[in-house]
$ cat structure13.cif   # mmCIF, C-alpha atoms
data_data
#
loop_
_atom_site.label_atom_id
_atom_site.label_comp_id
_atom_site.auth_asym_id
_atom_site.auth_seq_id
_atom_site.Cartn_x
_atom_site.Cartn_y
_atom_site.Cartn_z
CA PHE A 439 56.37 97.48 80.10
CA LYS A 440 54.62 100.84 80.38
CA ASP A 441 55.31 101.05 84.12
CA GLN A 442 58.96 100.09 83.74
CA ARG A 443 61.87 102.43 83.16
CA GLY A 444 63.30 102.26 79.70
CA MET A 445 66.94 102.86 78.79
CA LEU A 446 68.23 103.85 75.37
CA LEU A 447 71.80 103.14 74.28
CA HIS A 448 72.15 105.09 71.04
CA ARG A 449 74.75 105.06 68.32
CA PHE A 450 77.53 107.63 68.30
CA GLY A 451 76.38 111.21 67.89
CA GLY A 452 77.31 114.70 68.92
CA LEU A 453 75.49 117.48 70.74
CA GLY A 454 71.77 116.92 70.88
CA ASN A 455 72.07 113.16 71.17
CA HIS A 456 72.01 113.46 74.94
CA ARG A 457 68.23 113.71 74.63
CA TYR A 458 68.70 109.92 74.82
CA GLN A 459 69.97 108.49 78.05
CA VAL A 460 73.26 106.78 77.27
CA GLY A 461 75.79 107.80 74.65
CA PHE A 462 78.05 105.44 72.68
CA SER A 463 81.54 106.67 71.85
CA GLY A 464 81.99 104.76 68.61
CA ASP A 465 84.08 101.87 67.30
CA VAL A 466 87.33 102.76 69.02
CA ILE A 467 90.66 101.25 67.96
CA PRO A 468 92.57 99.95 71.03
CA SER A 469 95.52 102.19 71.82
CA TRP A 470 96.92 104.17 74.73
CA ASP A 471 95.95 107.37 72.91
CA SER A 472 92.35 106.16 72.60
CA LEU A 473 92.14 105.35 76.31
CA ASP A 474 93.72 108.67 77.25
CA PHE A 475 91.29 110.64 75.09
CA GLN A 476 88.25 108.75 76.39
CA VAL A 477 89.07 109.91 79.91
CA TYR A 478 89.27 113.58 78.84
CA PHE A 479 86.26 113.22 76.53
CA THR A 480 83.99 111.74 79.21
CA ILE A 481 84.98 114.32 81.83
CA THR A 482 84.37 117.34 79.62
CA ALA A 483 81.10 115.98 78.19
CA SER A 484 79.59 116.82 81.57
CA ASN A 485 79.98 120.50 80.65
CA VAL A 486 77.06 120.14 78.25
CA GLY A 487 75.04 117.85 80.50
CA PHE A 488 76.04 114.69 78.62
CA GLY A 489 76.88 112.64 81.69
CA TYR A 490 76.26 109.04 80.66
CA TRP A 491 78.70 107.69 78.09
CA SER A 492 79.04 103.99 77.39
CA HIS A 493 82.42 103.02 75.98
CA ASP A 494 83.53 99.74 74.45
CA LEU A 495 85.99 99.17 77.28
CA GLY A 496 89.18 97.83 75.77
CA GLY A 497 88.33 99.24 72.35
CA HIS A 498 86.12 97.77 69.63
CA VAL A 499 88.17 96.92 66.54
CA GLY A 500 91.43 95.02 66.93
CA VAL A 501 93.38 93.20 69.60
CA SER A 502 93.40 94.78 73.07
CA PRO A 503 96.73 93.82 74.71
CA PRO A 504 96.53 92.60 78.34
CA GLU A 505 98.10 95.66 79.95
CA LEU A 506 96.03 98.15 77.94
CA TYR A 507 92.83 96.18 78.53
CA THR A 508 93.50 96.06 82.27
CA ARG A 509 93.96 99.83 82.47
CA TRP A 510 90.79 100.34 80.42
CA ILE A 511 88.77 98.20 82.82
CA GLN A 512 90.16 100.20 85.74
CA PHE A 513 88.90 103.39 84.08
CA GLY A 514 85.53 101.74 83.47
CA THR A 515 85.26 100.78 87.12
CA PHE A 516 85.03 104.47 87.98
CA SER A 517 82.80 105.51 85.08
CA PRO A 518 79.02 106.05 84.97
CA ILE A 519 78.51 103.08 82.60
CA PHE A 520 80.58 99.88 82.77
CA ARG A 521 80.39 97.81 79.57
CA ILE A 522 82.79 95.66 77.56
CA HIS A 523 82.23 94.91 73.88
CA SER A 524 84.18 94.29 70.70
CA LYS A 525 83.77 93.33 67.08
CA LYS A 526 83.46 89.59 66.56
CA GLY A 527 86.30 87.67 64.97
CA GLY A 528 89.99 87.02 65.16
CA PHE A 529 91.55 87.67 68.53
CA MET A 530 89.35 90.63 69.43
CA TRP A 531 87.78 88.99 72.49
CA ARG A 532 87.27 90.96 75.69
CA ARG A 533 86.40 88.02 77.96
CA PRO A 534 88.58 88.46 81.05
CA TRP A 535 89.21 84.73 81.55
CA LEU A 536 91.02 84.58 78.20
CA TYR A 537 93.72 86.96 79.40
CA PRO A 538 96.88 85.84 81.26
CA ALA A 539 96.36 84.80 84.88
CA LYS A 540 98.14 87.83 86.32
CA ASN A 541 95.84 90.15 84.36
CA TYR A 542 92.76 88.06 85.09
CA ASP A 543 93.32 88.41 88.84
CA ILE A 544 93.55 92.19 88.55
CA LEU A 545 90.56 92.36 86.21
CA MET A 546 88.37 90.37 88.61
CA LYS A 547 89.45 92.59 91.49
CA PHE A 548 88.08 95.61 89.63
CA PHE A 549 84.97 93.82 88.37
CA PHE A 550 84.10 93.03 91.99
CA LEU A 551 84.98 96.54 93.12
CA ARG A 552 82.60 97.96 90.51
CA ALA A 553 79.83 95.70 91.79
CA ALA A 554 80.56 96.69 95.38
CA LEU A 555 80.31 100.39 94.49
CA VAL A 556 76.77 100.13 93.06
CA PRO A 557 75.08 101.69 96.16
CA TYR A 558 77.45 104.67 95.97
CA ILE A 559 77.02 105.00 92.18
CA TYR A 560 73.24 104.71 92.35
CA THR A 561 73.12 107.39 95.03
CA ALA A 562 75.32 109.62 92.85
CA SER A 563 72.96 108.92 89.93
CA ARG A 564 70.03 110.25 91.95
CA GLN A 565 72.07 113.35 92.80
CA ALA A 566 72.76 113.82 89.09
CA TYR A 567 69.04 113.45 88.34
CA ASP A 568 68.15 116.09 90.91
CA SER A 569 70.95 118.57 90.16
CA GLY A 570 71.86 118.05 86.51
CA VAL A 571 75.53 117.70 87.51
CA SER A 572 77.08 114.55 86.06
CA ILE A 573 78.46 111.76 88.24
CA MET A 574 81.84 112.12 86.54
CA ARG A 575 82.96 115.75 86.34
CA PRO A 576 86.08 117.93 86.05
CA MET A 577 88.01 119.11 89.08
CA TYR A 578 87.08 122.74 88.36
CA TYR A 579 83.47 122.07 89.34
CA SER A 580 84.49 121.83 92.98
CA HIS A 581 87.60 124.05 92.82
CA PRO A 582 86.97 126.68 90.11
CA SER A 583 89.44 129.22 91.49
CA ASP A 584 92.45 126.85 91.46
CA PRO A 585 94.36 126.93 88.12
CA LEU A 586 95.48 123.33 88.66
CA SER A 587 91.86 122.21 88.36
CA TYR A 588 92.04 123.16 84.67
CA GLN A 589 95.55 121.88 84.03
CA PHE A 590 94.84 118.39 85.39
CA ASP A 591 92.15 117.62 82.83
CA HIS A 592 92.58 113.83 82.89
CA GLN A 593 91.42 113.34 86.47
CA TYR A 594 87.96 113.82 87.88
CA MET A 595 85.54 113.56 90.76
CA PHE A 596 83.41 110.44 90.69
CA GLY A 597 80.44 111.52 92.75
CA ASP A 598 81.06 113.96 95.58
CA ASN A 599 83.71 112.01 97.43
CA ILE A 600 85.97 109.94 95.16
CA LEU A 601 88.81 111.42 93.08
CA VAL A 602 90.12 109.30 90.20
CA ALA A 603 93.15 109.78 87.94
CA PRO A 604 93.25 106.77 85.55
CA VAL A 605 96.63 105.53 84.37
CA THR A 606 96.72 105.87 80.58
CA THR A 607 100.37 105.12 79.81
CA ALA A 608 102.27 101.87 79.53
CA LEU A 609 104.39 100.45 82.33
CA ASN A 610 108.04 101.46 82.45
CA PRO A 611 109.76 98.11 81.78
CA VAL A 612 112.64 98.96 84.12
CA TYR A 613 110.47 99.72 87.17
CA ASN A 614 107.37 97.74 86.11
CA SER A 615 105.21 100.72 87.02
CA SER A 616 103.70 103.86 85.51
CA ARG A 617 104.52 107.30 86.87
CA LYS A 618 101.52 109.53 87.50
CA THR A 619 101.14 113.01 88.98
CA VAL A 620 97.81 113.76 90.65
CA PHE A 621 96.37 117.09 91.77
CA LEU A 622 94.93 116.89 95.29
CA PRO A 623 93.09 120.08 96.30
CA SER A 624 94.74 121.22 99.51
CA ASP A 625 91.64 122.53 101.25
CA VAL A 626 90.69 119.02 102.38
CA ALA A 627 92.52 115.85 103.40
CA TRP A 628 92.54 112.89 101.01
CA VAL A 629 92.88 109.19 101.73
CA SER A 630 94.41 106.73 99.28
CA TRP A 631 91.79 104.10 98.49
CA GLN A 632 94.39 101.32 98.35
CA SER A 633 97.01 102.20 100.95
CA GLY A 634 94.99 104.31 103.40
CA GLU A 635 97.74 106.94 103.44
CA VAL A 636 96.48 110.42 104.29
CA PHE A 637 97.46 113.53 102.32
CA HIS A 638 96.69 116.97 103.71
CA GLY A 639 97.93 120.21 102.19
CA THR A 640 99.39 118.39 99.19
CA LYS A 641 98.90 120.09 95.85
CA GLN A 642 100.59 117.60 93.55
CA LEU A 643 101.49 114.01 94.26
CA THR A 644 103.75 111.94 91.99
CA VAL A 645 103.76 108.17 92.51
CA ASN A 646 104.73 105.07 90.54
CA TYR A 647 101.74 102.75 90.13
CA THR A 648 101.96 99.04 89.36
CA LEU A 649 99.39 97.41 87.08
CA SER A 650 97.14 96.50 90.02
CA GLU A 651 97.12 100.07 91.36
CA VAL A 652 95.08 103.10 90.34
CA PRO A 653 95.28 106.65 91.72
CA VAL A 654 91.98 106.76 93.63
CA PHE A 655 91.52 109.03 96.63
CA VAL A 656 88.59 109.56 98.96
CA ARG A 657 87.73 112.85 100.61
CA ALA A 658 88.53 112.41 104.31
CA GLY A 659 85.37 112.32 106.37
CA SER A 660 83.40 110.50 103.69
CA ILE A 661 81.26 107.47 104.43
CA ILE A 662 80.98 105.34 101.30
CA ALA A 663 78.05 102.90 101.12
CA MET A 664 78.98 99.62 99.40
CA THR A 665 77.78 96.07 98.92
CA PRO A 666 79.81 93.59 101.02
CA GLU A 667 81.78 90.89 99.24
CA SER A 668 79.44 88.21 100.62
CA GLU A 669 76.56 89.72 98.62
CA LEU A 670 78.39 90.02 95.29
CA THR A 671 76.78 87.32 93.16
CA LEU A 672 75.67 87.30 89.54
CA GLY A 673 72.79 89.76 89.14
CA SER A 674 73.26 91.25 92.60
CA ALA A 675 73.42 94.79 91.19
CA HIS A 676 69.67 94.56 90.52
CA VAL A 677 68.84 93.57 94.11
CA LEU A 678 68.85 95.84 97.15
CA PRO A 679 71.53 94.38 99.42
CA PRO A 680 70.23 93.26 102.83
CA ARG A 681 73.77 93.77 104.11
CA LEU A 682 75.60 97.08 103.65
CA ARG A 683 79.24 97.99 104.07
CA LEU A 684 79.81 101.53 105.33
CA ALA A 685 83.43 102.57 104.77
CA ALA A 686 84.22 105.63 106.89
CA PHE A 687 87.48 107.34 105.91
CA ILE A 688 88.33 108.93 109.25
CA ALA A 689 91.96 109.43 108.24
CA GLY A 690 93.49 108.85 111.66
CA GLY A 691 91.41 111.62 113.17
CA ALA A 692 92.42 114.17 110.53
CA VAL A 693 88.70 114.91 110.17
CA MET A 694 86.76 114.89 113.42
CA ALA A 695 83.34 114.42 111.82
CA GLY A 696 81.96 112.99 108.61
CA ASP A 697 78.85 111.83 106.82
CA GLY A 698 77.38 109.86 103.96
CA GLU A 699 74.09 108.76 102.48
CA ILE A 700 72.49 106.02 100.46
CA TYR A 701 69.53 106.54 98.14
CA GLU A 702 67.36 103.58 97.14
CA ASP A 703 64.26 102.78 95.10
CA ASP A 704 62.98 99.64 93.38
CA GLY A 705 65.42 100.16 90.52
CA ALA A 706 62.95 99.21 87.80
CA SER A 707 59.65 101.08 87.86
CA ASN A 708 58.61 104.74 87.72
CA ALA A 709 57.43 104.66 91.33
CA TYR A 710 60.32 106.96 92.27
CA LYS A 711 58.39 109.78 90.60
CA GLN A 712 55.72 109.30 93.27
CA MET A 713 58.46 109.48 95.93
CA LEU A 714 58.39 105.76 96.68
CA VAL A 715 62.05 106.02 97.63
CA SER A 716 64.25 105.82 100.69
CA ARG A 717 67.28 107.71 101.96
CA THR A 718 69.46 106.65 104.86
CA ALA A 719 72.04 109.04 106.32
CA PHE A 720 75.19 108.13 108.24
CA THR A 721 77.39 110.33 110.43
CA TYR A 722 80.37 109.96 112.71
CA ALA A 723 82.10 112.20 115.24
CA VAL A 724 85.42 111.78 117.06
CA THR A 725 86.00 112.99 120.62
CA THR A 726 89.15 112.59 122.71
CA GLU A 727 89.60 112.62 126.46
CA GLY A 728 93.05 111.82 127.80
CA SER A 729 94.40 108.68 126.16
CA VAL A 730 90.99 107.46 124.98
CA SER A 731 89.40 108.50 121.71
CA THR A 732 85.74 107.73 121.01
CA ILE A 733 84.07 107.45 117.62
CA THR A 734 80.30 107.77 117.70
CA PHE A 735 78.76 106.43 114.51
CA HIS A 736 75.07 107.10 113.79
CA ILE A 737 72.86 105.23 111.35
CA GLN A 738 69.74 107.31 110.87
CA ALA A 739 66.32 105.77 110.38
CA SER A 740 65.48 105.37 106.70
CA SER A 741 63.30 108.18 105.42
CA GLY A 742 60.65 106.85 103.11
CA VAL A 743 59.62 103.32 102.27
CA PHE A 744 58.69 101.20 99.27
CA PRO A 745 57.73 97.52 98.98
CA GLU A 746 61.19 96.22 98.04
CA MET A 747 62.98 98.08 100.83
CA PRO A 748 64.63 95.64 103.30
CA SER A 749 62.90 95.90 106.67
CA GLN A 750 66.11 94.82 108.43
CA ARG A 751 69.74 95.25 107.63
CA GLN A 752 73.08 94.03 108.84
CA TYR A 753 75.86 96.58 108.63
CA GLU A 754 79.58 96.10 108.20
CA ILE A 755 81.15 99.35 109.39
CA VAL A 756 84.78 99.83 108.39
CA LEU A 757 86.64 102.68 110.08
CA ARG A 758 89.61 103.28 107.77
CA GLY A 759 92.66 104.81 109.43
CA ALA A 760 91.75 104.04 113.05
CA TRP A 761 93.66 102.74 116.05
CA PRO A 762 92.67 99.31 117.43
CA SER A 763 89.48 99.34 119.47
CA ALA A 764 89.19 98.57 123.17
CA GLY A 765 85.45 98.02 122.92
CA VAL A 766 82.40 98.53 120.72
CA THR A 767 78.72 98.89 121.53
CA VAL A 768 75.71 98.95 119.19
CA ASP A 769 72.65 100.56 120.75
CA SER A 770 74.34 100.06 124.16
CA HIS A 771 74.87 96.30 123.54
CA LYS A 772 78.51 95.28 123.90
CA LEU A 773 80.03 93.36 121.01
CA SER A 774 82.52 90.52 121.26
CA GLN A 775 85.97 90.83 119.70
CA MET A 776 87.07 88.37 117.03
CA GLN A 777 90.26 87.72 115.12
CA PHE A 778 89.99 89.55 111.80
CA ASP A 779 90.55 86.66 109.42
CA THR A 780 88.07 84.32 111.14
CA GLY A 781 84.94 86.30 110.29
CA CYS A 782 82.02 87.15 112.54
CA HIS A 783 79.88 84.21 113.61
CA ASP A 784 78.12 85.89 116.53
CA SER A 785 74.48 86.71 115.75
CA ASN A 786 74.73 89.63 118.19
CA GLY A 787 77.55 91.17 116.17
CA CYS A 788 81.28 91.48 116.74
CA PHE A 789 84.32 93.59 115.90
CA SER A 790 87.90 93.01 114.80
CA TYR A 791 90.95 94.89 113.56
CA ASP A 792 92.45 94.69 110.08
CA GLY A 793 96.10 95.60 110.49
CA THR A 794 96.73 95.57 106.73
CA THR A 795 94.46 98.58 106.21
CA LEU A 796 94.52 99.99 109.78
CA SER A 797 90.76 99.53 110.05
CA VAL A 798 88.33 98.70 112.81
CA VAL A 799 85.74 96.35 111.29
CA ILE A 800 82.35 96.11 113.01
CA THR A 801 79.58 93.67 112.08
CA THR A 802 76.22 94.47 113.62
CA SER A 803 73.27 92.18 114.26
CA TRP A 804 70.19 92.53 112.05
CA LEU A 805 68.76 95.96 112.78
CA PRO A 806 65.39 97.52 111.85
CA SER A 807 65.74 99.88 108.90
CA ASN A 808 63.07 102.26 110.20
CA ALA A 809 64.93 103.00 113.45
CA SER A 810 68.10 104.94 114.26
CA HIS A 811 71.13 103.13 115.64
CA THR A 812 74.25 104.29 117.47
CA VAL A 813 77.63 102.57 117.38
CA VAL A 814 80.22 103.70 119.96
CA VAL A 815 83.85 102.72 119.40
CA SER A 816 86.52 103.26 122.06
CA LEU A 817 90.09 103.58 120.78
CA VAL A 818 93.22 103.44 122.93
CA LEU A 819 95.75 105.94 121.61
#
$ encode --input "structure13.cif" --output "structure tokens"
Amino acid sequence: FKDQRGMLLHRFGGLGNHRYQVGFSGDVIPSWDSLDFQVYFTITASNVGFGYWSHDLGGHVGVSPPELYTRWIQFGTFSPIFRIHSKKGGFMWRRPWLYPAKNYDILMKFFFLRAALVPYIYTASRQAYDSGVSIMRPMYYSHPSDPLSYQFDHQYMFGDNILVAPVTTALNPVYNSSRKTVFLPSDVAWVSWQSGEVFHGTKQLTVNYTLSEVPVFVRAGSIIAMTPESELTLGSAHVLPPRLRLAAFIAGGAVMAGDGEIYEDDGASNAYKQMLVSRTAFTYAVTTEGSVSTITFHIQASSGVFPEMPSQRQYEIVLRGAWPSAGVTVDSHKLSQMQFDTGCHDSNGCFSYDGTTLSVVITTSWLPSNASHTVVVSLVL
């Protein structure tokens, strides 16, 4: 195994233990206080360069009630390390299928979301490797002059573009929801991950969240690389996805241009030290003339190559917060329009509109990874 990357998960320890790669936060007793402290603890550990903490999601010793366990998994979804574990015996299981059906459905939703986010998380991991700045970090890293960045110490940036404020209190039994106030820096627009609602100039936002909802916001203009649902199978996190979903949060034109990137390597060896890696950049720009708005989306040629890199890729481009499209071309080839819920069965690609999320969804044909590609989307305002 000398040519393979090793990973050390060590026992609980304080400063100095981050000489090893992944920290362990100890045998935690399940409680709302424990969950709440883990959020704060993990955020502030980045201040000493201790960016990778592995928690026993749901707690280690004792029963983890369904609601508490669900919220803990939601926090883990947007953490550097996602791992469930508990002491053996009694009713201390953490297997999601042993929880009530309503919790199981929510748990699986976030398990799949975590798997889908692997390309984004792996790219953020490379950024952390290069910069020393942890994936999960306090708000005052990006907004040091705003006092609210220090006051809201239980929310964080997850990578450069996703803001997370985990719910760490029980549901109000009257409203069946938890009330949460989130700090949204007002110098940029933010898009709710779940609803697609755009917030611009908002300092503090107070909302009631049901058990299936988490305060997650994306910086408007971001393009988030993800694995499509069709590729999410057991063990898929270890395989470079031949299909990629590119979620562009255009926020109804609130941001006229945006970008994103995906970093890839073989995921197992030390070949990345010899620069056997690849980076692919994505950009979009919005222009308007009269009643027609045009989104020009660019997929840049991959820079770098390694043996496991897919030579071709199919892209699912999702333009969140867009008007319905009157036409789409990929490299000047016109795509056919399909009904959203029927899927795309045209080998040349197609497009549709998801009215539930106000998104134009474009599926391309298989495209060479070593070439640039241009997608032009015409919107009727």
$ resolve_selection --input "structure13.cif" --expression "the PyMOL selection byres ((chain A and resi 611-619) around 6)" --output "PyMOL selection string"
chain A and resi 609-610+620+643-648
$ atom_distance --input "structure13.cif" --atom1 "atom CA of A:Val626" --atom2 "atom CA of A:Ala686"
15.5 Å
$ residues_around --input "structure13.cif" --residues "stretch 634-638 of chain A" --least-positions-apart "4" --cutoff "8 Å" --atoms "all atoms listed in the file" --output "MDAnalysis selection string"
chainID A and resid 624:630 689 758:759 795:796
$ atom_distance --input "structure13.cif" --atom1 "atom CA of A:Asn599" --atom2 "atom CA of A:Ser807"
24.5 Å
$ residues_near_point --input "structure13.cif" --point "(82.5, 99.8, 118.6)" --cutoff "10 Å" --atoms "all atoms listed in the file" --output "PDB file with C-alpha atoms, in the frame of the given file"
ATOM      1  CA  THR A 732      85.740 107.730 121.010  1.00  0.00           C
ATOM      2  CA  ILE A 733      84.070 107.450 117.620  1.00  0.00           C
ATOM      3  CA  THR A 734      80.300 107.770 117.700  1.00  0.00           C
ATOM      4  CA  PHE A 735      78.760 106.430 114.510  1.00  0.00           C
ATOM      5  CA  ILE A 755      81.150  99.350 109.390  1.00  0.00           C
ATOM      6  CA  LEU A 757      86.640 102.680 110.080  1.00  0.00           C
ATOM      7  CA  SER A 763      89.480  99.340 119.470  1.00  0.00           C
ATOM      8  CA  ALA A 764      89.190  98.570 123.170  1.00  0.00           C
ATOM      9  CA  GLY A 765      85.450  98.020 122.920  1.00  0.00           C
ATOM     10  CA  VAL A 766      82.400  98.530 120.720  1.00  0.00           C
ATOM     11  CA  THR A 767      78.720  98.890 121.530  1.00  0.00           C
ATOM     12  CA  VAL A 768      75.710  98.950 119.190  1.00  0.00           C
ATOM     13  CA  SER A 770      74.340 100.060 124.160  1.00  0.00           C
ATOM     14  CA  HIS A 771      74.870  96.300 123.540  1.00  0.00           C
ATOM     15  CA  LYS A 772      78.510  95.280 123.900  1.00  0.00           C
ATOM     16  CA  LEU A 773      80.030  93.360 121.010  1.00  0.00           C
ATOM     17  CA  SER A 774      82.520  90.520 121.260  1.00  0.00           C
ATOM     18  CA  GLN A 775      85.970  90.830 119.700  1.00  0.00           C
ATOM     19  CA  CYS A 788      81.280  91.480 116.740  1.00  0.00           C
ATOM     20  CA  PHE A 789      84.320  93.590 115.900  1.00  0.00           C
ATOM     21  CA  SER A 790      87.900  93.010 114.800  1.00  0.00           C
ATOM     22  CA  VAL A 798      88.330  98.700 112.810  1.00  0.00           C
ATOM     23  CA  VAL A 799      85.740  96.350 111.290  1.00  0.00           C
ATOM     24  CA  ILE A 800      82.350  96.110 113.010  1.00  0.00           C
ATOM     25  CA  THR A 801      79.580  93.670 112.080  1.00  0.00           C
ATOM     26  CA  THR A 802      76.220  94.470 113.620  1.00  0.00           C
ATOM     27  CA  THR A 812      74.250 104.290 117.470  1.00  0.00           C
ATOM     28  CA  VAL A 813      77.630 102.570 117.380  1.00  0.00           C
ATOM     29  CA  VAL A 814      80.220 103.700 119.960  1.00  0.00           C
ATOM     30  CA  VAL A 815      83.850 102.720 119.400  1.00  0.00           C
ATOM     31  CA  SER A 816      86.520 103.260 122.060  1.00  0.00           C
ATOM     32  CA  LEU A 817      90.090 103.580 120.780  1.00  0.00           C
TER      33      LEU A 817
END
$ closest_atom_pairs --input "structure13.cif" --of "stretch 480-528 of chain A" --to "stretch 572-588 of chain A" --cutoff "9 Å" --atoms "only C-alpha atoms" --output "CSV"
residue,atom,partner,partner_atom,distance
A:Thr480,CA,A:Met574,CA,7.6
A:Ile481,CA,A:Arg575,CA,5.1
A:Thr482,CA,A:Pro576,CA,6.7
A:Ala483,CA,A:Arg575,CA,8.4
A:Ser484,CA,A:Ser572,CA,5.6
A:Asn485,CA,A:Arg575,CA,8.0
A:Gly487,CA,A:Ser572,CA,6.8
A:Phe488,CA,A:Ser572,CA,7.5
A:Gly489,CA,A:Ser572,CA,4.8
A:Tyr490,CA,A:Ser572,CA,7.8
A:Phe516,CA,A:Met574,CA,8.4
A:Ser517,CA,A:Met574,CA,6.8
A:Pro518,CA,A:Ile573,CA,6.6
$ closest_residue --input "structure13.cif" --among "A:Pro806, A:Tyr542, A:Cys782, A:Ala706" --to "A:Gln442" --atoms "only C-alpha atoms"
A:Ala706
$ closest_residue --input "structure13.cif" --among "A:Thr671, A:Thr780, A:Ser563, A:Ser492" --to "A:Phe549" --atoms "only C-alpha atoms"
A:Thr671
$ residues_near_point --input "structure13.cif" --point "(63.5, 94.2, 101.7)" --cutoff "12 Å" --atoms "all atoms listed in the file" --output "PyMOL selection string"
chain A and resi 677-681+702-704+716+743-752+806-808
